[in-house]
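Chemist: File name structure.cif; file contents mmCIF, C-alpha atoms; full text below.
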data_coords
loop_
_atom_site.group_PDB
_atom_site.id
_atom_site.type_symbol
_atom_site.label_atom_id
_atom_site.label_comp_id
_atom_site.auth_asym_id
_atom_site.auth_seq_id
_atom_site.Cartn_x
_atom_site.Cartn_y
_atom_site.Cartn_z
ATOM 1 C CA MET A 25 0.000 0.000 0.000
ATOM 2 C CA LYS A 26 1.243 3.457 -0.927
ATOM 3 C CA LEU A 27 0.905 6.550 1.262
ATOM 4 C CA SER A 28 -0.734 8.324 -1.686
ATOM 5 C CA SER A 29 -3.706 5.931 -1.493
ATOM 6 C CA LEU A 30 -4.553 7.308 1.942
ATOM 7 C CA ILE A 31 -4.268 11.008 1.092
ATOM 8 C CA ASP A 32 -6.750 12.723 -1.218
ATOM 9 C CA LYS A 33 -5.160 15.422 -3.395
ATOM 10 C CA ASP A 34 -7.845 17.813 -2.165
ATOM 11 C CA PHE A 35 -6.439 17.369 1.329
ATOM 12 C CA ILE A 36 -2.975 18.615 0.395
ATOM 13 C CA LEU A 37 -2.675 22.352 1.065
ATOM 14 C CA THR A 38 0.327 24.340 -0.128
ATOM 15 C CA GLY A 39 0.986 27.986 0.502
ATOM 16 C CA ASN A 40 -2.116 28.612 2.604
ATOM 17 C CA ASN A 41 -1.519 31.036 5.447
ATOM 18 C CA PHE A 42 -2.450 29.849 8.940
ATOM 19 C CA ASN A 43 -1.473 31.595 12.140
ATOM 20 C CA SER A 44 -1.292 28.449 14.245
ATOM 21 C CA VAL A 45 -1.411 24.669 14.107
ATOM 22 C CA LEU A 46 -4.996 24.711 15.363
ATOM 23 C CA ASP A 47 -6.031 27.206 12.668
ATOM 24 C CA CYS A 48 -4.750 24.733 10.091
ATOM 25 C CA VAL A 49 -6.476 21.835 11.858
ATOM 26 C CA ASP A 50 -9.788 23.721 11.884
ATOM 27 C CA ALA A 51 -9.472 24.370 8.153
ATOM 28 C CA PHE A 52 -8.928 20.663 7.490
ATOM 29 C CA ILE A 53 -11.889 19.654 9.658
ATOM 30 C CA ASP A 54 -14.120 22.141 7.830
ATOM 31 C CA LEU A 55 -12.856 20.724 4.534
ATOM 32 C CA PHE A 56 -13.563 17.158 5.670
ATOM 33 C CA GLU A 57 -17.068 18.191 6.670
ATOM 34 C CA LYS A 58 -17.619 19.907 3.327
ATOM 35 C CA LYS A 59 -16.596 16.677 1.600
ATOM 36 C CA LYS A 60 -19.149 14.848 3.792
ATOM 37 C CA ILE A 61 -16.681 12.353 5.233
ATOM 38 C CA LEU A 62 -17.392 13.146 8.889
ATOM 39 C CA THR A 63 -20.221 11.380 10.683
ATOM 40 C CA VAL A 64 -20.462 13.867 13.578
ATOM 41 C CA SER A 65 -20.364 17.644 13.909
ATOM 42 C CA SER A 66 -17.095 19.364 13.014
ATOM 43 C CA ASN A 67 -17.209 21.090 16.423
ATOM 44 C CA ILE A 68 -17.007 17.716 18.155
ATOM 45 C CA VAL A 69 -13.973 16.776 16.075
ATOM 46 C CA LYS A 70 -12.293 20.128 16.777
ATOM 47 C CA GLN A 71 -12.759 19.631 20.507
ATOM 48 C CA LYS A 72 -11.316 16.102 20.347
ATOM 49 C CA VAL A 73 -8.200 17.419 18.638
ATOM 50 C CA ARG A 74 -7.880 20.280 21.122
ATOM 51 C CA ASP A 75 -8.098 17.815 23.995
ATOM 52 C CA ARG A 76 -5.243 15.829 22.451
ATOM 53 C CA GLU A 77 -3.177 18.971 21.776
ATOM 54 C CA LYS A 78 -3.331 19.873 25.477
ATOM 55 C CA LEU A 79 -1.218 16.784 26.140
ATOM 56 C CA GLY A 80 1.527 18.260 23.928
ATOM 57 C CA GLY A 81 4.162 16.515 21.861
ATOM 58 C CA THR A 82 2.727 16.931 18.364
ATOM 59 C CA VAL A 83 5.372 19.366 17.041
ATOM 60 C CA LEU A 84 8.678 17.569 16.659
ATOM 61 C CA PRO A 85 12.147 19.194 16.660
ATOM 62 C CA ASN A 86 12.746 18.317 12.994
ATOM 63 C CA GLY A 87 9.971 20.605 11.743
ATOM 64 C CA LEU A 88 7.243 17.988 11.481
ATOM 65 C CA ALA A 89 3.884 18.629 13.130
ATOM 66 C CA LEU A 90 1.529 15.710 13.746
ATOM 67 C CA PRO A 91 -1.688 17.036 15.282
ATOM 68 C CA HIS A 92 -4.195 14.220 15.567
ATOM 69 C CA GLY A 93 -7.220 12.915 17.359
ATOM 70 C CA ARG A 94 -9.334 9.826 17.925
ATOM 71 C CA CYS A 95 -12.990 10.379 17.200
ATOM 72 C CA GLU A 96 -16.230 8.576 16.424
ATOM 73 C CA ALA A 97 -16.446 10.825 13.363
ATOM 74 C CA VAL A 98 -14.468 8.371 11.240
ATOM 75 C CA ASP A 99 -14.361 4.615 10.759
ATOM 76 C CA ASP A 100 -10.691 4.357 9.844
ATOM 77 C CA LEU A 101 -8.189 7.106 9.010
ATOM 78 C CA ILE A 102 -8.297 10.556 7.362
ATOM 79 C CA ILE A 103 -5.118 12.495 6.564
ATOM 80 C CA GLY A 104 -4.520 16.104 5.587
ATOM 81 C CA VAL A 105 -1.166 17.657 4.658
ATOM 82 C CA TRP A 106 -0.132 21.312 4.842
ATOM 83 C CA VAL A 107 3.135 22.703 3.498
ATOM 84 C CA PRO A 108 3.433 26.411 4.433
ATOM 85 C CA LYS A 109 5.260 28.929 2.240
ATOM 86 C CA LYS A 110 7.608 29.532 5.129
ATOM 87 C CA PRO A 111 7.955 27.666 8.426
ATOM 88 C CA LEU A 112 5.265 28.441 10.985
ATOM 89 C CA SER A 113 6.739 29.581 14.290
ATOM 90 C CA THR A 114 5.146 27.982 17.372
ATOM 91 C CA GLU A 115 5.999 27.726 21.063
ATOM 92 C CA ASP A 116 7.135 24.158 20.409
ATOM 93 C CA GLY A 117 9.341 24.985 17.416
ATOM 94 C CA GLU A 118 9.064 25.667 13.685
ATOM 95 C CA VAL A 119 6.592 23.728 11.571
ATOM 96 C CA LYS A 120 7.807 22.960 8.049
ATOM 97 C CA ILE A 121 5.385 20.161 7.186
ATOM 98 C CA LEU A 122 2.113 19.332 8.938
ATOM 99 C CA PHE A 123 0.281 16.030 8.753
ATOM 100 C CA PHE A 124 -3.151 16.064 10.381
ATOM 101 C CA LEU A 125 -4.650 12.668 11.179
ATOM 102 C CA ILE A 126 -8.049 11.649 12.492
ATOM 103 C CA THR A 127 -8.566 8.016 13.371
ATOM 104 C CA SER A 128 -11.379 6.040 14.959
ATOM 105 C CA ILE A 129 -11.818 5.690 18.720
ATOM 106 C CA SER A 130 -10.267 2.227 18.668
ATOM 107 C CA GLY A 131 -7.564 3.378 16.256
ATOM 108 C CA SER A 132 -6.850 2.331 12.703
ATOM 109 C CA ALA A 133 -4.487 -0.576 12.074
ATOM 110 C CA LEU A 134 -2.754 1.768 9.640
ATOM 111 C CA TYR A 135 -2.209 4.595 12.118
ATOM 112 C CA LEU A 136 1.214 3.630 13.484
ATOM 113 C CA PRO A 137 2.527 2.309 10.135
ATOM 114 C CA VAL A 138 1.557 5.638 8.536
ATOM 115 C CA LEU A 139 3.318 7.634 11.263
ATOM 116 C CA SER A 140 6.389 5.440 10.868
ATOM 117 C CA ALA A 141 6.451 5.957 7.089
ATOM 118 C CA ILE A 142 6.043 9.720 7.476
ATOM 119 C CA ALA A 143 8.855 9.970 10.006
ATOM 120 C CA LYS A 144 11.152 7.668 8.028
ATOM 121 C CA HIS A 145 10.654 9.008 4.509
ATOM 122 C CA CYS A 146 9.151 12.490 4.478
ATOM 123 C CA LEU A 147 11.914 14.121 6.487
ATOM 124 C CA ASP A 148 15.015 12.605 4.934
ATOM 125 C CA ASP A 149 17.506 14.898 3.205
ATOM 126 C CA GLU A 150 16.325 13.911 -0.263
ATOM 127 C CA THR A 151 12.542 13.850 0.154
ATOM 128 C CA MET A 152 11.910 16.811 2.436
ATOM 129 C CA PRO A 153 13.153 19.524 0.009
ATOM 130 C CA LYS A 154 10.971 18.028 -2.719
ATOM 131 C CA ILE A 155 7.917 18.246 -0.485
ATOM 132 C CA LEU A 156 8.717 21.783 0.640
ATOM 133 C CA ASN A 157 9.087 22.996 -2.942
ATOM 134 C CA GLY A 158 6.480 20.816 -4.634
ATOM 135 C CA SER A 159 3.030 21.525 -5.982
ATOM 136 C CA ARG A 160 0.004 19.550 -4.786
ATOM 137 C CA ASP A 161 0.383 17.065 -7.643
ATOM 138 C CA GLU A 162 4.127 16.738 -7.138
ATOM 139 C CA ILE A 163 3.708 16.099 -3.414
ATOM 140 C CA HIS A 164 1.076 13.452 -4.102
ATOM 141 C CA ASP A 165 3.466 11.808 -6.570
ATOM 142 C CA ILE A 166 6.125 11.713 -3.830
ATOM 143 C CA PHE A 167 3.655 9.976 -1.526
ATOM 144 C CA ASP A 168 3.138 7.414 -4.303
ATOM 145 C CA THR A 169 6.757 6.302 -3.818
ATOM 146 C CA ILE A 170 6.315 5.650 -0.086
ATOM 147 C CA THR A 171 5.159 2.178 0.918
ATOM 148 C CA ILE A 172 3.136 1.591 4.082
ATOM 149 C CA LYS A 173 3.946 -1.700 5.756
ATOM 150 C CA THR A 174 1.003 -3.441 7.383
ATOM 151 C CA GLU A 175 2.665 -4.707 10.561
ATOM 152 C CA VAL A 176 3.753 -2.543 13.507
ATOM 153 C CA THR A 177 7.105 -3.335 15.104
ATOM 154 C CA VAL A 178 9.378 -2.014 17.834
ATOM 155 C CA GLU A 179 11.294 -0.053 15.194
ATOM 156 C CA ASP A 180 8.178 2.048 14.523
ATOM 157 C CA ILE A 181 8.005 3.568 17.995
ATOM 158 C CA MET A 182 11.533 3.284 19.398
ATOM 159 C CA THR A 183 13.804 6.255 20.061
ATOM 160 C CA ALA A 184 16.405 5.897 17.310
ATOM 161 C CA ASN A 185 20.127 6.650 17.664
ATOM 162 C CA PRO A 186 19.997 6.600 21.473
ATOM 163 C CA ILE A 187 22.581 8.068 23.783
ATOM 164 C CA THR A 188 25.008 5.403 24.975
ATOM 165 C CA CYS A 189 28.241 5.230 26.947
ATOM 166 C CA THR A 190 31.369 3.077 26.909
ATOM 167 C CA LYS A 191 33.108 1.184 29.655
ATOM 168 C CA HIS A 192 35.718 3.986 29.746
ATOM 169 C CA THR A 193 33.150 6.712 30.467
ATOM 170 C CA THR A 194 33.799 8.190 33.913
ATOM 171 C CA LEU A 195 31.158 8.396 36.612
ATOM 172 C CA GLY A 196 31.353 12.168 36.360
ATOM 173 C CA GLN A 197 30.598 12.059 32.633
ATOM 174 C CA LEU A 198 27.866 9.473 33.179
ATOM 175 C CA SER A 199 26.177 11.574 35.857
ATOM 176 C CA ASP A 200 26.260 14.582 33.522
ATOM 177 C CA ILE A 201 24.626 12.547 30.741
ATOM 178 C CA PHE A 202 21.867 11.344 33.063
ATOM 179 C CA TYR A 203 21.295 14.844 34.442
ATOM 180 C CA LYS A 204 21.365 16.840 31.200
ATOM 181 C CA ASN A 205 19.180 14.410 29.229
ATOM 182 C CA GLY A 206 16.739 13.361 31.917
ATOM 183 C CA LEU A 207 17.769 9.712 31.555
ATOM 184 C CA SER A 208 18.016 6.889 34.074
ATOM 185 C CA TYR A 209 19.360 4.060 31.890
ATOM 186 C CA LEU A 210 22.107 3.735 29.284
ATOM 187 C CA PRO A 211 23.356 0.810 27.215
ATOM 188 C CA VAL A 212 27.103 0.329 27.435
ATOM 189 C CA VAL A 213 28.595 -0.266 23.974
ATOM 190 C CA ASP A 214 31.954 -0.947 22.390
ATOM 191 C CA GLU A 215 33.555 1.028 19.564
ATOM 192 C CA ASN A 216 31.178 -0.624 17.064
ATOM 193 C CA ARG A 217 28.087 0.156 19.169
ATOM 194 C CA LYS A 218 27.774 -3.508 20.091
ATOM 195 C CA GLN A 219 26.042 -3.936 23.433
ATOM 196 C CA ILE A 220 28.380 -5.072 26.211
ATOM 197 C CA GLY A 221 26.405 -4.068 29.303
ATOM 198 C CA GLU A 222 24.129 -1.524 30.927
ATOM 199 C CA VAL A 223 24.233 1.096 33.655
ATOM 200 C CA THR A 224 21.538 2.940 35.595
ATOM 201 C CA ILE A 225 21.232 5.804 38.062
ATOM 202 C CA LYS A 226 20.809 3.176 40.769
ATOM 203 C CA ASP A 227 24.276 1.847 39.939
ATOM 204 C CA VAL A 228 25.715 5.345 40.459
ATOM 205 C CA LEU A 229 23.852 5.789 43.748
ATOM 206 C CA SER A 230 24.917 2.356 44.899
ATOM 207 C CA ARG A 231 28.560 3.315 44.358
ATOM 208 C CA GLY A 232 28.000 6.218 46.751
ATOM 209 C CA VAL A 233 26.928 3.875 49.537
ATOM 210 C CA PRO A 234 29.816 1.572 50.559
ATOM 211 C CA ASP A 235 29.113 -2.072 51.411
ATOM 212 C CA TYR A 236 29.924 -1.593 55.096
ATOM 213 C CA ILE A 237 27.106 0.948 55.380
ATOM 214 C CA LYS A 238 24.659 -1.434 53.692
ATOM 215 C CA ARG A 239 25.579 -4.082 56.282
ATOM 216 C CA ILE A 240 24.695 -1.822 59.202
ATOM 217 C CA GLY A 241 21.309 -2.792 60.557
ATOM 218 C CA ASN A 242 20.127 0.723 61.428
ATOM 219 C CA ILE A 243 21.450 3.604 59.358
ATOM 220 C CA LYS A 244 19.078 6.293 60.625
ATOM 221 C CA PHE A 245 21.949 7.831 62.592
ATOM 222 C CA LEU A 246 23.795 8.712 59.342
ATOM 223 C CA LYS A 247 22.959 12.380 58.916
ATOM 224 C CA THR A 248 25.873 13.481 56.733
ATOM 225 C CA LEU A 249 26.569 12.985 53.034
ATOM 226 C CA GLU A 250 30.126 11.835 53.625
ATOM 227 C CA PRO A 251 29.811 8.679 51.431
ATOM 228 C CA PHE A 252 28.619 10.783 48.499
ATOM 229 C CA GLU A 253 31.362 13.316 49.120
ATOM 230 C CA ALA A 254 33.843 10.499 48.579
ATOM 231 C CA LEU A 255 32.050 9.554 45.379
ATOM 232 C CA LEU A 256 32.197 13.126 44.086
ATOM 233 C CA ARG A 257 35.870 13.296 44.959
ATOM 234 C CA ASP A 258 36.631 10.233 42.843
ATOM 235 C CA GLU A 259 33.984 10.536 40.099
ATOM 236 C CA ASP A 260 36.615 11.288 37.446
ATOM 237 C CA LYS A 261 38.628 8.205 38.418
ATOM 238 C CA ILE A 262 35.829 5.651 38.627
ATOM 239 C CA LEU A 263 34.835 4.217 35.247
ATOM 240 C CA VAL A 264 31.582 2.735 34.010
ATOM 241 C CA LYS A 265 33.289 -0.664 33.730
ATOM 242 C CA ASP A 266 33.623 -0.585 37.538
ATOM 243 C CA ILE A 267 29.863 -0.351 38.128
ATOM 244 C CA MET A 268 28.138 -1.654 34.976
ATOM 245 C CA ARG A 269 26.343 -4.966 34.837
ATOM 246 C CA ALA A 270 26.024 -7.535 32.078
ATOM 247 C CA SER A 271 22.875 -6.836 30.102
ATOM 248 C CA LYS A 272 20.379 -9.633 29.661
ATOM 249 C CA ARG A 273 17.795 -7.340 28.123
ATOM 250 C CA ASN A 274 17.389 -6.342 24.488
ATOM 251 C CA ILE A 275 14.888 -6.790 21.719
ATOM 252 C CA SER A 276 14.999 -7.017 17.935
ATOM 253 C CA LYS A 277 13.845 -4.068 15.848
ATOM 254 C CA ASP A 278 11.445 -6.463 14.078
ATOM 255 C CA ALA A 279 9.784 -7.656 17.295
ATOM 256 C CA SER A 280 6.164 -6.761 17.936
ATOM 257 C CA ILE A 281 5.243 -4.030 20.385
ATOM 258 C CA ILE A 282 3.266 -6.597 22.383
ATOM 259 C CA GLU A 283 6.450 -8.668 22.780
ATOM 260 C CA ALA A 284 8.232 -5.593 24.155
ATOM 261 C CA VAL A 285 5.391 -4.845 26.574
ATOM 262 C CA VAL A 286 5.364 -8.441 27.832
ATOM 263 C CA MET A 287 9.114 -8.252 28.503
ATOM 264 C CA MET A 288 8.666 -4.966 30.371
ATOM 265 C CA THR A 289 5.795 -6.155 32.523
ATOM 266 C CA ASP A 290 7.157 -9.638 33.229
ATOM 267 C CA LYS A 291 10.740 -8.572 33.957
ATOM 268 C CA GLY A 292 10.108 -5.110 35.384
ATOM 269 C CA TYR A 293 12.162 -3.422 32.665
ATOM 270 C CA ARG A 294 11.437 0.248 31.944
ATOM 271 C CA HIS A 295 13.793 0.348 28.938
ATOM 272 C CA LEU A 296 14.850 -2.144 26.285
ATOM 273 C CA PRO A 297 17.805 -1.616 23.936
ATOM 274 C CA VAL A 298 16.790 -2.326 20.351
ATOM 275 C CA ILE A 299 19.315 -4.472 18.526
ATOM 276 C CA ASP A 300 20.094 -4.992 14.847
ATOM 277 C CA ASN A 301 23.016 -7.315 14.105
ATOM 278 C CA LYS A 302 24.102 -6.904 17.755
ATOM 279 C CA GLU A 303 24.323 -3.120 17.288
ATOM 280 C CA VAL A 304 22.270 -0.812 19.518
ATOM 281 C CA ILE A 305 20.122 1.199 17.092
ATOM 282 C CA GLY A 306 17.416 2.385 19.477
ATOM 283 C CA ILE A 307 15.688 2.181 22.829
ATOM 284 C CA ILE A 308 12.041 1.458 23.498
ATOM 285 C CA SER A 309 10.637 2.522 26.851
ATOM 286 C CA GLU A 310 7.381 2.375 28.771
ATOM 287 C CA THR A 311 6.949 6.042 27.887
ATOM 288 C CA ASP A 312 7.261 5.307 24.156
ATOM 289 C CA VAL A 313 4.390 2.825 24.415
ATOM 290 C CA LEU A 314 2.282 5.278 26.432
ATOM 291 C CA LYS A 315 2.900 8.291 24.185
ATOM 292 C CA LYS A 316 2.906 6.619 20.785
ATOM 293 C CA VAL A 317 0.403 3.794 21.204
ATOM 294 C CA ILE A 318 -1.947 4.390 24.122
ATOM 295 C CA ARG A 319 -2.032 8.186 23.773
ATOM 296 C CA GLY A 320 -0.653 8.370 20.236
#
Could you show the structure in this file as structure tokens?
Modeler:
Amino acid sequence: MKLSSLIDKDFILTGNNFNSVLDCVDAFIDLFEKKKILTVSSNIVKQKVRDREKLGGTVLPNGLALPHGRCEAVDDLIIGVWVPKKPLSTEDGEVKILFFLITSISGSALYLPVLSAIAKHCLDDETMPKILNGSRDEIHDIFDTITIKTEVTVEDIMTANPITCTKHTTLGQLSDIFYKNGLSYLPVVDENRKQIGEVTIKDVLSRGVPDYIKRIGNIKFLKTLEPFEALLRDEDKILVKDIMRASKRNISKDASIIEAVVMMTDKGYRHLPVIDNKEVIGIISETDVLKKVIRG
């Protein structure tokens, strides 16, 4: 199936001036209603989309906006595309290309595959300039070259090119990575990005509490941060290899999302490195499933 088969040429807007993402969304909803493809009032659909927009996360750093909503107004999936003359400035970043999607309450089986195809193909260095400079017909022809796969896999929702560390990373560097990026888990890789272990914030904290303290029955009397002061003093000498653990967790990029969720719930994992030929190419987390599947 081609992406073009899911997007009517009449729903590709180029050059139209909108002052905000929601202005553009409203125009699409009015257009859908005019074409008589909505089964409920356009006001209901607009409110559904606004409710979803309040959750945030539909304008991505690469210039792609993906406003969307689930609504009883449609049985499957409706897509509109807007390419502004110049990027639209928003609080969440510039919008260069906007895809607006409405899917059914239960969600279309095509929803995630479509999002994956858009993210993978429409923003690459070759395709994006063609879309930005193309006419309606030319853009539709570009969509005719993009194939939608029918199955949904881990690769479709993972965070690609994840931050990693090596066994020679110092604890000071590791703590900075965790702090600056809001992370709590990192795969440890070799020079070829092959997975050799893992490290978490708990491993760092554990290093700050010596074994003799853990063996004390009652530690309520410890009111100072002396153990952590020692850790801070030596954080540029201690290496990840001194605290990392062997990793027994990973998942193939071709695995199903359900398989990932089962691993998370059964094993208590919050993150799973995604592996392709033993190389770490991504990470899938509980949050990815929540944001992109349950609240996608």
Chemist: Identify which of the residues A:Val264, A:Pro111, A:Ala141, A:Val285 lies closest to A:Asn43, counting only C-alpha atoms when measuring atom-to-atom distances.
Modeler: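 Looking at the shortest contact to A:Asn43, the residue is A:Pro111.
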Chemist: Apply the PyMOL selection byres ((chain A and resi 91) around 8) to the file shown and report the selected residues as a PyMOL selection string.
Modeler: chain A and resi 45+49+73+77+82-83+89-90+92-93+122-125
Chemist: Can I get the selection written as a CSV table (one decimal), in the frame of the given file, with C-alpha atoms?
Modeler:
chain,number,residue,atom,x,y,z
A,45,VAL,CA,-1.4,24.7,14.1
A,49,VAL,CA,-6.5,21.8,11.9
A,73,VAL,CA,-8.2,17.4,18.6
A,77,GLU,CA,-3.2,19.0,21.8
A,82,THR,CA,2.7,16.9,18.4
A,83,VAL,CA,5.4,19.4,17.0
A,89,ALA,CA,3.9,18.6,13.1
A,90,LEU,CA,1.5,15.7,13.7
A,92,HIS,CA,-4.2,14.2,15.6
A,93,GLY,CA,-7.2,12.9,17.4
A,122,LEU,CA,2.1,19.3,8.9
A,123,PHE,CA,0.3,16.0,8.8
A,124,PHE,CA,-3.2,16.1,10.4
A,125,LEU,CA,-4.6,12.7,11.2
Chemist: Determine the residue membership of the PyMOL selection byres ((chain A and resi 302-308) around 8) for the file above and supply it as a list in words.
Modeler: Val178, Glu179, Ile181, Met182, Thr183, Ala184, Asn185, Pro186, Pro211, Val213, Asn216, Arg217, Lys218, Gln219, His295, Leu296, Pro297, Val298, Ile299, Asp300, Asn301, Ser309, Glu310, Asp312 and Val313 of chain A
Chemist: Compare A:Lys226, A:Lys154, A:His164, A:Lys261 by their minimum atom-to-atom distance to A:Thr193, counting only C-alpha atoms, and give me the closest one.
Modeler: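 Closest candidate: A:Lys261.
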Chemist: So how many Å separate atom CA of A:Asp227 and atom CA of A:Ile267, to one decimal?
Modeler: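 Atom CA of A:Ile267 lies at a distance of 6.3 Å from atom CA of A:Asp227.
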Chemist: Would you kindly translate the PyMOL selection byres ((chain A and resi 95-105) around 9) into the concrete residues it picks from this file, as JSON, numbers by chain?
Modeler: {"A": [30, 31, 32, 34, 35, 36, 37, 38, 49, 52, 56, 61, 62, 63, 64, 65, 66, 68, 69, 72, 73, 93, 94, 106, 107, 121, 122, 123, 124, 125, 126, 127, 128, 129, 130, 131, 132, 133, 134, 135]}
Chemist: Which protein, DNA or RNA residues are at most 10 Å from (13.2, 0.1, 37.4) in the file's coordinates when you count all atoms listed in the file, listed as a ChimeraX atom specification?
Modeler: /A:208-209,224-226,288,291-295
Chemist: I need the residue nearest A:Cys146 from this list: A:Leu27, A:Val317, A:Leu195, A:Ile187. Use all atoms listed in the file for the distance.
Modeler: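 Checking each of A:Leu27, A:Val317, A:Leu195, A:Ile187 against A:Cys146, counting all atoms listed in the file, the winner is A:Leu27.
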